[in-house]
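Reading through the structure tokens given below for one structure.
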There are 2 protein chains.
Amino acid sequence: MNAYEELRARGLRLDLTRGKPSAEQLDLANPLLALPGPADFRAADASDVRNYGGLRGLPELRAIFAPLLGVAADRLLAAGNASLELMHDYLVHAVLFGVPGGDHPWRDAAFLCPVPGYDRHFAICAKLGIEMIPVALTGDGPDMAEVERLVAEDARVKGVWCVPKYSNPTGETYSPAVVRRLAAMPTAAPDFRVFWDNAYAVHHLTTEPREVEDLLPACESAGNPDRALVFGSTSKITFAGAGVGFFGASDANLDWFTGHLSKRTIGPDKINHLRHTRFLRSPDGVLSHMARHRELLAPKFELVERVLTEQLTGVATWTTPEGGYFVSLRVTPGCATRVVELAAQAGIALTPAGAPFPYGRDPEDAVIRIAPTYPPLPELADAMNGLAVCVRLATDEHLGRGPVR
Amino acid sequence: MNAYEELRARGLRLDLTRGKPSAEQLDLANPLLALPGPADFRAADASDVRNYGGLRGLPELRAIFAPLLGVAADRLLAAGNASLELMHDYLVHAVLFGVPGGDHPWRDAAFLCPVPGYDRHFAICAKLGIEMIPVALTGDGPDMAEVERLVAEDARVKGVWCVPKYSNPTGETYSPAVVRRLAAMPTAAPDFRVFWDNAYAVHHLTTEPREVEDLLPACESAGNPDRALVFGSTSKITFAGAGVGFFGASDANLDWFTGHLSKRTIGPDKINHLRHTRFLRSPDGVLSHMARHRELLAPKFELVERVLTEQLTGVATWTTPEGGYFVSLRVTPGCATRVVELAAQAGIALTPAGAPFPYGRDPEDAVIRIAPTYPPLPELADAMNGLAVCVRLATDEHLGRGPVR
């Protein structure tokens, strides 16, 4: 019995598909389950958070996250349980009505998509009929020469998706030069936007946090104050199923967005905002909470690195992220789909090959996203060792050394 | 000094504008502030509500509200903090993409708007460029002969706004005959929808609750299963600022809606769903909770009725609702705007005249919406007595008996 047959015979049922926090990480936020507490419902301004109102969210919670997201508190909006909602709704309203500085709705628009990237970003574009143009990532952000060329020549290009720190899935952090070029580059579209999904702003895996230049002030300095749309959330800080999303932008963008939002809701869940304020307390409170996440997550990423080094050196390459939720594995071109298929047959669920690319198509069929945060360590070890077996088998098949039945 | 001068001299600052619960009503739900409790995060199916997932919301909460909203639990979706969001998003996606059974997006669409009605419904139509056609309310629902005529002749008419029980602001409840005609009437549009905002489903002011026929089964029986869109929320049951919205519809509508929703979010705040489940426990738990609301609200509505009867008999007419949040006052045509102006000058804020009508225009300038739930009784008495003074003065002015300076 060869290695793959042995793997299948084990009858595993393991899942490396999504960037979900583990139960132990969620436990860290369990005090939220009894907060704000029996008689605590007054905001700092003495308003009653139980009642209607407060479209921009609780000011004291916005003050905690403002420095962490690089946005002044009065330009940061706190909303419901997902920043994805805020990105989606900004785009929906852009398609319906256009945005400040533009002269028509975003029909027949195009977006730049640094790849590999986040599948849910691409799904919003696909839904709204926005053409997606892939741009390569370089290790410190997108290929800026290519970005600058594309935005300069085509007014249909209205935006670019960015995960600027510990990017999903490559783990890279945008360099200061990349941030400044994004802020300052001339664009054919007068209403060009950078969708800055800072999902992993405080999600460090080392004790030497990477920092990224703040986009909003960079855009202001460059004379493009409305270009920056900053998003963040507590989904991977407190509870993925009951967190708070944030949106920071210029006054023009915020007024436009809340103008549309005010027809949709009277306000977000302000008690959840108060609950998060009581639990996290301050920006430092967030950082020390994230240090406890790091203690749980770092061993998992170390295990992934160890298995890949031991088993796949010379066979594949991979990222070694200093933060975030993912490792990006690069196998021999033409093999990724087969690896995912072999793993599935062995009971190891992987994100579909191609998912980190627009339209789900990896032109090289080479990238596999690994999400190691959710399973306990022993299961993660089984899954990674099994994955390595599948990579070796698929590579052998591809190079004509197999198939090994 | 005449009555109005005396009123102004008092320097009141009172607010009858919005249907907000009072602090005492919110206090009834204070146990929610410490729920679900330190170690309670498992749904009935043993899933961890702290993590991602569950796009349709927590099944056990949907089971509690299903009978109260007349929708089977597996056709009821539980979402975020407002049913208005669900109505808005259904309409946004209808305008962008069209709906099941239709052959094109809802551009150049029109809606029937029973009047007087809810200003936030009309604001969504105004935002999306949907033409609003007013239809008179009769005391047991809209003028159905007029509704049937309009929907039969014009395929642009895609929907009708309904608040079927204790309607905002007239307090009327739709009769069984009206419900059945809405469900069965032939419509020129194949994708016609009834937006059934059952906001006051359990908000009774008497011990003899009014009931309304369930729309979803009525539409199914009539062969129009996709016509009914049922909305409800806990905004005026638990916390207006941290509640749960519900949406019930046919499988075709739910699949269409959650298909679009899945691009926007991974799921709603399921801990808030669990919190509400623990607090409300059962449909009977909701009803007994609402009986405590009634004890607080009934005296306020009795006070409104008493002041109006004592001071405005023969001068104006008004509704005597058996539930809901509003009293609709009808003054001499041509006087409503002046009443609101006089009241504002005396420190009594009223909903702008015209607000309960499409485009904010009451063709008769006769309707004033009174929202008596929020102020404590002594303030409500001051506001109502002051309002009566303003109505008498405006009427006198209009009939040439004034102005009384």
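Every chain in the structure tokens takes a letter, A first, then B, and so on in the order presented; its residues are numbered from 1, and the ligands are numbered from 1 following the presented order.
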
Would you list the contacts of Val230 (chain A) as a PyMOL selection string, taking every protein, DNA or RNA residue within 12 Å and counting only C-alpha atoms, but skipping same-chain residues closer than 4 positions in sequence? chain A and resi 65-66+68-72+75-78+83-84+86-87+90+161-164+193-199+201+214-217+219+226+245-250+253-254

With a distance threshold of 7 Å and counting only C-alpha atoms, extract the residues of chain B near chain A and express them as a PyMOL selection string. chain B and resi 26+30-31+33-38+49-52+81-82+84-85+88+120+123-124+239-242+263-265+267-271

After a least-squares superposition on chain B over all sequentially paired C-alpha atoms, what is chain A as a compact mmCIF listing (two decimals) with C-alpha atoms, in the first residue's frame?
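Result went into out.txt, see below:
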```txt
# COMPACT_ATOMS: atom_id res chain seq x y z
CA MET A 1 -53.19 86.18 27.29
CA ASN A 2 -55.02 83.62 25.17
CA ALA A 3 -54.60 79.86 25.30
CA TYR A 4 -51.88 79.68 22.69
CA GLU A 5 -49.90 82.53 24.22
CA GLU A 6 -50.11 80.75 27.55
CA LEU A 7 -48.91 77.56 25.90
CA ARG A 8 -45.90 79.28 24.32
CA ALA A 9 -45.08 81.00 27.57
CA ARG A 10 -44.61 77.61 29.23
CA GLY A 11 -41.51 76.97 27.11
CA LEU A 12 -42.21 73.26 26.66
CA ARG A 13 -39.79 70.88 24.94
CA LEU A 14 -41.83 67.79 24.06
CA ASP A 15 -41.64 65.28 21.24
CA LEU A 16 -44.48 63.29 19.66
CA THR A 17 -42.63 62.55 16.41
CA ARG A 18 -41.51 58.94 16.31
CA GLY A 19 -42.89 55.60 17.40
CA LYS A 20 -40.25 54.87 19.99
CA PRO A 21 -40.66 52.62 23.02
CA SER A 22 -40.33 54.36 26.37
CA ALA A 23 -37.57 53.67 28.87
CA GLU A 24 -40.03 51.67 30.99
CA GLN A 25 -40.85 49.43 28.03
CA LEU A 26 -37.15 48.87 27.34
CA ASP A 27 -36.62 48.01 31.01
CA LEU A 28 -38.89 44.98 30.50
CA ALA A 29 -36.21 43.45 28.30
CA ASN A 30 -33.23 44.25 30.52
CA PRO A 31 -32.46 40.57 31.20
CA LEU A 32 -31.17 40.53 27.60
CA LEU A 33 -28.30 42.75 28.73
CA ALA A 34 -26.65 39.80 30.50
CA LEU A 35 -27.78 37.00 28.17
CA PRO A 36 -27.03 34.41 26.85
CA GLY A 37 -24.65 34.20 29.83
CA PRO A 38 -21.01 33.28 30.40
CA ALA A 39 -20.92 29.76 28.95
CA ASP A 40 -23.99 29.61 26.73
CA PHE A 41 -23.13 29.58 23.03
CA ARG A 42 -24.51 26.32 21.67
CA ALA A 43 -27.51 26.25 19.37
CA ALA A 44 -30.05 23.45 19.68
CA ASP A 45 -28.18 21.62 16.90
CA ALA A 46 -24.97 21.90 19.00
CA SER A 47 -23.34 24.34 16.56
CA ASP A 48 -21.26 27.16 18.03
CA VAL A 49 -23.15 30.42 17.48
CA ARG A 50 -19.99 32.42 18.16
CA ASN A 51 -18.48 31.37 14.84
CA TYR A 52 -19.31 32.05 11.18
CA GLY A 53 -22.30 30.58 9.37
CA GLY A 54 -26.05 30.20 9.51
CA LEU A 55 -27.25 32.58 6.81
CA ARG A 56 -30.95 32.03 7.61
CA GLY A 57 -30.57 32.68 11.33
CA LEU A 58 -31.00 30.53 14.42
CA PRO A 59 -33.72 27.90 13.83
CA GLU A 60 -35.01 27.98 17.42
CA LEU A 61 -35.66 31.73 17.27
CA ARG A 62 -37.39 31.34 13.93
CA ALA A 63 -39.59 28.66 15.51
CA ILE A 64 -40.71 31.11 18.21
CA PHE A 65 -41.75 33.80 15.74
CA ALA A 66 -43.11 31.54 12.99
CA PRO A 67 -46.61 31.15 14.46
CA LEU A 68 -46.75 34.81 15.50
CA LEU A 69 -46.00 35.95 11.94
CA GLY A 70 -48.02 33.24 10.21
CA VAL A 71 -45.03 31.72 8.41
CA ALA A 72 -43.62 28.19 8.71
CA ALA A 73 -40.28 28.26 10.53
CA ASP A 74 -38.42 26.84 7.54
CA ARG A 75 -39.70 29.74 5.45
CA LEU A 76 -38.79 32.40 7.99
CA LEU A 77 -35.40 34.04 7.97
CA ALA A 78 -34.00 35.78 11.09
CA ALA A 79 -31.56 38.58 10.38
CA GLY A 80 -30.09 41.75 11.87
CA ASN A 81 -31.39 44.75 13.77
CA ALA A 82 -34.30 45.92 11.59
CA SER A 83 -36.89 44.50 9.24
CA LEU A 84 -36.59 47.74 7.27
CA GLU A 85 -33.20 46.46 6.07
CA LEU A 86 -34.86 43.35 4.67
CA MET A 87 -37.54 45.31 2.79
CA HIS A 88 -34.89 47.71 1.49
CA ASP A 89 -32.58 44.92 0.35
CA TYR A 90 -35.39 42.96 -1.32
CA LEU A 91 -36.26 46.07 -3.30
CA VAL A 92 -32.65 46.98 -4.13
CA HIS A 93 -32.05 43.51 -5.54
CA ALA A 94 -35.38 43.60 -7.39
CA VAL A 95 -34.31 46.86 -9.04
CA LEU A 96 -30.87 45.47 -9.90
CA PHE A 97 -31.80 41.96 -10.99
CA GLY A 98 -35.56 41.35 -11.04
CA VAL A 99 -37.32 38.72 -8.93
CA PRO A 100 -38.55 35.13 -9.41
CA GLY A 101 -41.38 35.01 -11.92
CA GLY A 102 -40.43 38.31 -13.51
CA ASP A 103 -38.67 38.78 -16.79
CA HIS A 104 -36.67 41.94 -16.14
CA PRO A 105 -35.30 44.15 -13.33
CA TRP A 106 -37.72 46.49 -11.58
CA ARG A 107 -36.83 49.67 -13.43
CA ASP A 108 -39.64 52.09 -14.22
CA ALA A 109 -41.73 50.32 -11.57
CA ALA A 110 -44.62 51.63 -9.50
CA PHE A 111 -45.95 50.75 -6.04
CA LEU A 112 -49.36 51.17 -4.49
CA CYS A 113 -49.18 53.07 -1.22
CA PRO A 114 -52.22 52.87 1.06
CA VAL A 115 -52.46 56.25 2.78
CA PRO A 116 -51.84 57.50 5.31
CA GLY A 117 -48.92 55.07 5.68
CA TYR A 118 -45.37 54.63 6.93
CA ASP A 119 -42.93 57.29 5.77
CA ARG A 120 -39.93 54.93 5.76
CA HIS A 121 -41.63 52.63 3.25
CA PHE A 122 -42.16 55.58 0.97
CA ALA A 123 -38.56 56.76 1.43
CA ILE A 124 -37.25 53.45 0.01
CA CYS A 125 -39.42 53.87 -3.09
CA ALA A 126 -38.34 57.49 -3.49
CA LYS A 127 -34.68 56.48 -3.23
CA LEU A 128 -35.02 53.77 -5.88
CA GLY A 129 -37.11 55.86 -8.29
CA ILE A 130 -40.20 53.70 -7.85
CA GLU A 131 -43.34 55.73 -8.60
CA MET A 132 -45.76 55.82 -5.67
CA ILE A 133 -49.50 55.67 -6.30
CA PRO A 134 -51.63 56.50 -3.24
CA VAL A 135 -54.68 54.39 -2.47
CA ALA A 136 -57.16 55.24 0.27
CA LEU A 137 -57.43 53.18 3.44
CA THR A 138 -60.99 52.37 4.47
CA GLY A 139 -60.79 51.24 8.09
CA ASP A 140 -60.24 47.57 7.31
CA GLY A 141 -57.48 47.88 4.75
CA PRO A 142 -57.01 49.59 1.39
CA ASP A 143 -59.81 50.36 -1.05
CA MET A 144 -59.63 46.98 -2.77
CA ALA A 145 -61.70 47.94 -5.81
CA GLU A 146 -59.12 50.62 -6.56
CA VAL A 147 -56.21 48.28 -5.82
CA GLU A 148 -57.63 45.59 -8.10
CA ARG A 149 -58.20 48.09 -10.89
CA LEU A 150 -54.67 49.52 -10.69
CA VAL A 151 -52.81 46.18 -10.55
CA ALA A 152 -54.92 44.72 -13.36
CA GLU A 153 -54.28 47.49 -15.85
CA ASP A 154 -50.62 48.40 -15.35
CA ALA A 155 -47.75 45.89 -15.43
CA ARG A 156 -45.48 48.59 -14.01
CA VAL A 157 -47.25 48.16 -10.67
CA LYS A 158 -44.97 45.64 -8.96
CA GLY A 159 -46.02 45.91 -5.35
CA VAL A 160 -48.13 47.30 -2.55
CA TRP A 161 -47.04 48.38 0.93
CA CYS A 162 -49.19 46.93 3.71
CA VAL A 163 -49.08 47.23 7.50
CA PRO A 164 -51.87 44.73 8.02
CA LYS A 165 -52.41 44.95 11.77
CA TYR A 166 -52.76 48.13 13.82
CA SER A 167 -51.51 50.01 10.74
CA ASN A 168 -49.10 52.92 11.00
CA PRO A 169 -50.64 55.47 11.55
CA THR A 170 -54.36 54.68 11.25
CA GLY A 171 -54.39 51.66 13.57
CA GLU A 172 -56.64 49.64 11.29
CA THR A 173 -56.46 45.88 10.82
CA TYR A 174 -57.01 44.32 7.40
CA SER A 175 -60.19 42.26 7.18
CA PRO A 176 -60.14 38.61 6.01
CA ALA A 177 -61.84 39.68 2.78
CA VAL A 178 -59.13 42.25 2.05
CA VAL A 179 -56.38 39.68 2.68
CA ARG A 180 -58.01 37.18 0.36
CA ARG A 181 -58.52 39.74 -2.39
CA LEU A 182 -54.88 40.83 -2.12
CA ALA A 183 -53.83 37.19 -2.41
CA ALA A 184 -56.09 36.30 -5.31
CA MET A 185 -56.45 39.43 -7.46
CA PRO A 186 -55.21 39.17 -11.06
CA THR A 187 -52.22 41.41 -11.72
CA ALA A 188 -50.79 42.61 -15.00
CA ALA A 189 -47.29 42.12 -13.59
CA PRO A 190 -46.37 38.42 -13.32
CA ASP A 191 -43.98 39.31 -10.49
CA PHE A 192 -46.30 41.40 -8.31
CA ARG A 193 -45.47 41.38 -4.57
CA VAL A 194 -47.34 42.30 -1.39
CA PHE A 195 -44.87 43.83 1.09
CA TRP A 196 -46.56 42.71 4.31
CA ASP A 197 -44.92 44.67 7.11
CA ASN A 198 -46.48 43.00 10.13
CA ALA A 199 -44.65 45.35 12.50
CA TYR A 200 -47.36 45.25 15.16
CA ALA A 201 -48.29 41.57 15.02
CA VAL A 202 -48.36 41.16 18.81
CA HIS A 203 -48.64 44.80 19.88
CA HIS A 204 -52.14 44.78 21.33
CA LEU A 205 -53.59 47.60 23.44
CA THR A 206 -56.60 45.60 24.62
CA THR A 207 -57.15 42.16 26.07
CA GLU A 208 -59.05 41.19 22.95
CA PRO A 209 -56.33 40.97 20.32
CA ARG A 210 -57.22 41.59 16.69
CA GLU A 211 -56.04 38.90 14.34
CA VAL A 212 -55.24 39.16 10.67
CA GLU A 213 -55.49 36.36 8.13
CA ASP A 214 -52.08 34.89 7.25
CA LEU A 215 -51.03 36.17 3.84
CA LEU A 216 -48.56 33.48 2.84
CA PRO A 217 -51.00 30.54 2.93
CA ALA A 218 -53.69 32.75 1.38
CA CYS A 219 -51.40 33.48 -1.57
CA GLU A 220 -50.51 29.80 -1.87
CA SER A 221 -54.16 28.80 -1.91
CA ALA A 222 -54.86 31.39 -4.57
CA GLY A 223 -52.09 30.04 -6.78
CA ASN A 224 -49.79 33.01 -6.17
CA PRO A 225 -47.24 31.53 -3.75
CA ASP A 226 -44.49 34.05 -4.55
CA ARG A 227 -46.68 37.11 -4.02
CA ALA A 228 -46.35 37.32 -0.22
CA LEU A 229 -43.32 38.92 1.46
CA VAL A 230 -43.83 38.91 5.22
CA PHE A 231 -41.74 41.13 7.49
CA GLY A 232 -41.61 41.49 11.26
CA SER A 233 -39.18 42.37 14.03
CA THR A 234 -38.56 42.52 17.75
CA SER A 235 -37.79 46.25 17.58
CA LYS A 236 -40.86 47.09 19.65
CA ILE A 237 -40.80 43.83 21.61
CA THR A 238 -37.29 43.83 23.07
CA PHE A 239 -34.81 46.59 22.17
CA ALA A 240 -35.41 49.00 19.28
CA GLY A 241 -31.64 49.47 19.11
CA ALA A 242 -30.62 45.79 19.22
CA GLY A 243 -33.41 43.60 17.93
CA VAL A 244 -33.95 40.94 15.29
CA GLY A 245 -35.71 41.35 11.93
CA PHE A 246 -37.63 38.56 10.20
CA PHE A 247 -38.51 37.80 6.58
CA GLY A 248 -40.92 35.05 5.52
CA ALA A 249 -41.73 34.04 1.95
CA SER A 250 -41.97 31.19 -0.55
CA ASP A 251 -38.98 28.96 -1.19
CA ALA A 252 -38.43 30.70 -4.53
CA ASN A 253 -38.27 34.12 -2.88
CA LEU A 254 -36.10 32.87 -0.02
CA ASP A 255 -33.64 31.12 -2.32
CA TRP A 256 -33.42 34.23 -4.50
CA PHE A 257 -32.99 36.51 -1.49
CA THR A 258 -30.43 34.37 0.35
CA GLY A 259 -28.56 33.87 -2.92
CA HIS A 260 -27.98 37.61 -3.08
CA LEU A 261 -27.55 37.90 0.70
CA SER A 262 -24.78 35.28 0.65
CA LYS A 263 -22.59 37.71 -1.29
CA ARG A 264 -23.13 40.33 1.40
CA THR A 265 -22.60 38.39 4.62
CA ILE A 266 -21.62 35.02 6.02
CA GLY A 267 -24.46 35.25 8.51
CA PRO A 268 -26.37 37.45 10.95
CA ASP A 269 -25.56 37.99 14.64
CA LYS A 270 -26.50 34.54 15.92
CA ILE A 271 -25.63 35.34 19.52
CA ASN A 272 -28.33 37.98 19.48
CA HIS A 273 -30.65 35.30 18.14
CA LEU A 274 -29.66 32.97 20.99
CA ARG A 275 -30.07 35.82 23.50
CA HIS A 276 -33.61 36.46 22.24
CA THR A 277 -34.39 32.74 22.31
CA ARG A 278 -33.29 32.44 25.94
CA PHE A 279 -35.28 35.51 26.96
CA LEU A 280 -38.53 34.98 25.05
CA ARG A 281 -38.53 31.15 25.22
CA SER A 282 -41.74 30.47 23.23
CA PRO A 283 -44.59 32.15 21.33
CA ASP A 284 -46.47 32.33 24.63
CA GLY A 285 -43.42 33.93 26.20
CA VAL A 286 -43.61 36.68 23.57
CA LEU A 287 -47.33 37.20 24.21
CA SER A 288 -46.95 37.46 27.97
CA HIS A 289 -44.07 39.88 27.49
CA MET A 290 -46.29 41.99 25.24
CA ALA A 291 -49.00 42.01 27.92
CA ARG A 292 -46.54 43.88 30.11
CA HIS A 293 -45.97 46.38 27.30
CA ARG A 294 -49.73 46.81 27.09
CA GLU A 295 -49.93 47.74 30.77
CA LEU A 296 -47.50 50.58 30.11
CA LEU A 297 -48.97 51.70 26.79
CA ALA A 298 -52.74 51.47 27.30
CA PRO A 299 -52.84 54.39 29.77
CA LYS A 300 -51.02 56.60 27.27
CA PHE A 301 -53.48 55.86 24.49
CA GLU A 302 -56.35 56.36 26.95
CA LEU A 303 -54.95 59.76 27.84
CA VAL A 304 -54.71 60.74 24.16
CA GLU A 305 -58.30 59.62 23.60
CA ARG A 306 -59.51 61.53 26.68
CA VAL A 307 -57.79 64.81 25.77
CA LEU A 308 -58.95 64.62 22.16
CA THR A 309 -62.53 63.88 23.22
CA GLU A 310 -62.59 66.65 25.79
CA GLN A 311 -60.92 69.28 23.66
CA LEU A 312 -61.47 68.52 20.00
CA THR A 313 -64.91 66.91 19.68
CA GLY A 314 -66.55 68.67 16.76
CA VAL A 315 -63.25 70.23 15.71
CA ALA A 316 -61.32 67.19 14.48
CA THR A 317 -61.61 63.40 14.18
CA TRP A 318 -59.14 60.71 15.20
CA THR A 319 -58.54 57.00 15.35
CA THR A 320 -58.92 54.90 18.50
CA PRO A 321 -56.43 52.09 17.86
CA GLU A 322 -56.62 48.71 19.55
CA GLY A 323 -52.91 48.18 19.06
CA GLY A 324 -49.77 49.54 17.48
CA TYR A 325 -47.96 52.80 18.12
CA PHE A 326 -49.96 55.63 16.63
CA VAL A 327 -53.09 57.75 16.63
CA SER A 328 -54.04 59.44 13.38
CA LEU A 329 -55.60 62.85 13.88
CA ARG A 330 -57.62 64.41 11.09
CA VAL A 331 -58.04 68.18 11.26
CA THR A 332 -59.92 70.53 8.95
CA PRO A 333 -58.41 70.21 5.44
CA GLY A 334 -55.77 72.87 4.85
CA CYS A 335 -54.82 73.07 8.54
CA ALA A 336 -52.35 70.26 9.28
CA THR A 337 -49.19 72.12 8.26
CA ARG A 338 -50.25 75.11 10.32
CA VAL A 339 -50.94 72.94 13.37
CA VAL A 340 -47.46 71.41 13.17
CA GLU A 341 -45.95 74.87 12.79
CA LEU A 342 -47.85 76.31 15.76
CA ALA A 343 -46.91 73.28 17.89
CA ALA A 344 -43.23 73.62 16.94
CA GLN A 345 -43.28 77.26 18.01
CA ALA A 346 -44.72 76.14 21.33
CA GLY A 347 -41.98 73.52 21.80
CA ILE A 348 -44.03 70.46 20.79
CA ALA A 349 -42.36 68.47 18.00
CA LEU A 350 -44.78 66.63 15.70
CA THR A 351 -44.11 64.46 12.65
CA PRO A 352 -44.16 66.86 9.66
CA ALA A 353 -47.59 67.14 8.10
CA GLY A 354 -47.56 65.13 4.91
CA ALA A 355 -45.00 62.60 6.17
CA PRO A 356 -47.46 59.68 6.07
CA PHE A 357 -48.00 60.30 2.35
CA PRO A 358 -45.88 59.52 -0.74
CA TYR A 359 -43.48 62.36 -1.55
CA GLY A 360 -44.45 63.93 1.81
CA ARG A 361 -47.57 65.47 0.29
CA ASP A 362 -50.95 65.16 1.98
CA PRO A 363 -53.29 66.41 -0.79
CA GLU A 364 -55.78 67.59 1.84
CA ASP A 365 -53.21 68.81 4.38
CA ALA A 366 -55.40 67.23 7.06
CA VAL A 367 -53.56 64.31 8.70
CA ILE A 368 -51.32 64.53 11.75
CA ARG A 369 -49.62 61.42 13.15
CA ILE A 370 -49.43 61.27 16.94
CA ALA A 371 -46.83 59.00 18.53
CA PRO A 372 -47.71 58.79 22.23
CA THR A 373 -45.52 55.88 23.39
CA TYR A 374 -42.24 57.55 24.31
CA PRO A 375 -42.98 60.43 26.73
CA PRO A 376 -43.93 59.79 30.35
CA LEU A 377 -47.63 60.39 31.11
CA PRO A 378 -47.30 63.94 32.53
CA GLU A 379 -45.32 65.09 29.49
CA LEU A 380 -47.75 63.36 27.17
CA ALA A 381 -50.63 65.20 28.87
CA ASP A 382 -48.85 68.53 28.38
CA ALA A 383 -48.12 67.73 24.76
CA MET A 384 -51.66 66.61 23.97
CA ASN A 385 -53.27 69.58 25.67
CA GLY A 386 -50.87 71.85 23.82
CA LEU A 387 -51.62 70.11 20.54
CA ALA A 388 -55.35 70.64 21.12
CA VAL A 389 -54.74 74.35 21.61
CA CYS A 390 -52.83 74.48 18.33
CA VAL A 391 -55.56 72.56 16.46
CA ARG A 392 -58.23 74.92 17.72
CA LEU A 393 -56.19 77.99 16.82
CA ALA A 394 -55.30 76.73 13.34
CA THR A 395 -58.93 75.82 12.72
CA ASP A 396 -60.11 79.23 13.86
CA GLU A 397 -57.56 80.94 11.63
CA HIS A 398 -58.61 78.79 8.69
CA LEU A 399 -62.31 79.47 9.17
CA GLY A 400 -61.66 83.21 9.39
CA ARG A 401 -62.25 83.39 13.10
CA GLY A 402 -58.63 84.32 13.68
CA PRO A 403 -55.72 84.73 13.62
CA VAL A 404 -55.79 85.08 17.37
CA ARG A 405 -52.46 86.75 18.11
```

Enumerate as number ranges by chain all residues of region 216-378 of chain A assigned to strand (DSSP E or B) by DSSP on the backbone, naming them with the chain letters and numbers the document uses. A: 228-233, 245-248, 313, 316-318, 323, 327-330, 348-349, 367-370

Convert the current residue selection to file output with N, CA and C atoms, as a compact mmCIF listing (two decimals), in the first residue's frame.
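Ended up saving to part.txt:
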```txt
# COMPACT_ATOMS: atom_id res chain seq x y z
N ALA A 228 -9.90 56.72 -0.70
CA ALA A 228 -9.69 55.65 0.29
C ALA A 228 -11.00 55.20 0.94
N LEU A 229 -11.28 53.91 0.89
CA LEU A 229 -12.40 53.31 1.62
C LEU A 229 -11.81 52.23 2.52
N VAL A 230 -11.80 52.49 3.82
CA VAL A 230 -11.12 51.60 4.76
C VAL A 230 -12.15 50.72 5.48
N PHE A 231 -11.91 49.42 5.48
CA PHE A 231 -12.82 48.48 6.13
C PHE A 231 -12.07 47.65 7.17
N GLY A 232 -12.77 47.29 8.22
CA GLY A 232 -12.19 46.42 9.23
C GLY A 232 -13.31 45.79 10.04
N SER A 233 -12.99 44.84 10.89
CA SER A 233 -14.04 44.23 11.72
C SER A 233 -13.44 43.50 12.90
N GLY A 245 -18.55 45.50 12.27
CA GLY A 245 -17.81 45.94 11.10
C GLY A 245 -17.59 47.45 11.13
N PHE A 246 -16.49 47.88 10.51
CA PHE A 246 -16.14 49.31 10.50
C PHE A 246 -15.90 49.78 9.07
N PHE A 247 -16.22 51.06 8.85
CA PHE A 247 -15.98 51.70 7.55
C PHE A 247 -15.46 53.10 7.79
N GLY A 248 -14.28 53.41 7.26
CA GLY A 248 -13.70 54.74 7.40
C GLY A 248 -13.46 55.36 6.04
N THR A 313 9.80 20.36 0.40
CA THR A 313 10.93 21.15 -0.09
C THR A 313 11.39 20.58 -1.44
N ALA A 316 7.26 21.99 -3.88
CA ALA A 316 6.34 23.12 -3.95
C ALA A 316 6.97 24.31 -3.21
N THR A 317 6.34 25.49 -3.32
CA THR A 317 6.76 26.64 -2.52
C THR A 317 5.55 27.16 -1.76
N TRP A 318 5.82 27.95 -0.73
CA TRP A 318 4.70 28.43 0.11
C TRP A 318 5.12 29.71 0.82
N GLY A 323 1.39 37.07 9.96
CA GLY A 323 0.09 37.43 10.52
C GLY A 323 -1.01 36.92 9.62
N VAL A 327 -2.01 30.39 4.66
CA VAL A 327 -0.75 30.09 3.98
C VAL A 327 -1.11 29.81 2.52
N SER A 328 -0.34 30.38 1.61
CA SER A 328 -0.59 30.15 0.19
C SER A 328 0.47 29.17 -0.32
N LEU A 329 -0.02 28.03 -0.80
CA LEU A 329 0.86 26.97 -1.28
C LEU A 329 0.86 26.99 -2.81
N ARG A 330 2.07 26.96 -3.37
CA ARG A 330 2.18 26.98 -4.83
C ARG A 330 2.78 25.66 -5.29
N ILE A 348 -10.01 15.19 3.14
CA ILE A 348 -9.44 16.48 3.56
C ILE A 348 -10.03 17.57 2.65
N ALA A 349 -10.89 18.41 3.22
CA ALA A 349 -11.54 19.45 2.42
C ALA A 349 -10.62 20.66 2.30
N VAL A 367 -2.18 27.42 -7.36
CA VAL A 367 -2.28 27.98 -6.00
C VAL A 367 -3.32 27.23 -5.17
N ILE A 368 -2.93 26.88 -3.95
CA ILE A 368 -3.85 26.26 -3.00
C ILE A 368 -3.81 27.08 -1.71
N ARG A 369 -4.99 27.52 -1.25
CA ARG A 369 -5.06 28.29 -0.01
C ARG A 369 -5.23 27.35 1.17
N ILE A 370 -4.37 27.49 2.16
CA ILE A 370 -4.45 26.66 3.36
C ILE A 370 -4.93 27.53 4.52
```

Taking only region 56-220 of chain A into account, list the residues labelled alpha helix (DSSP H) by DSSP (computed from the backbone), as a count of residues only. 61
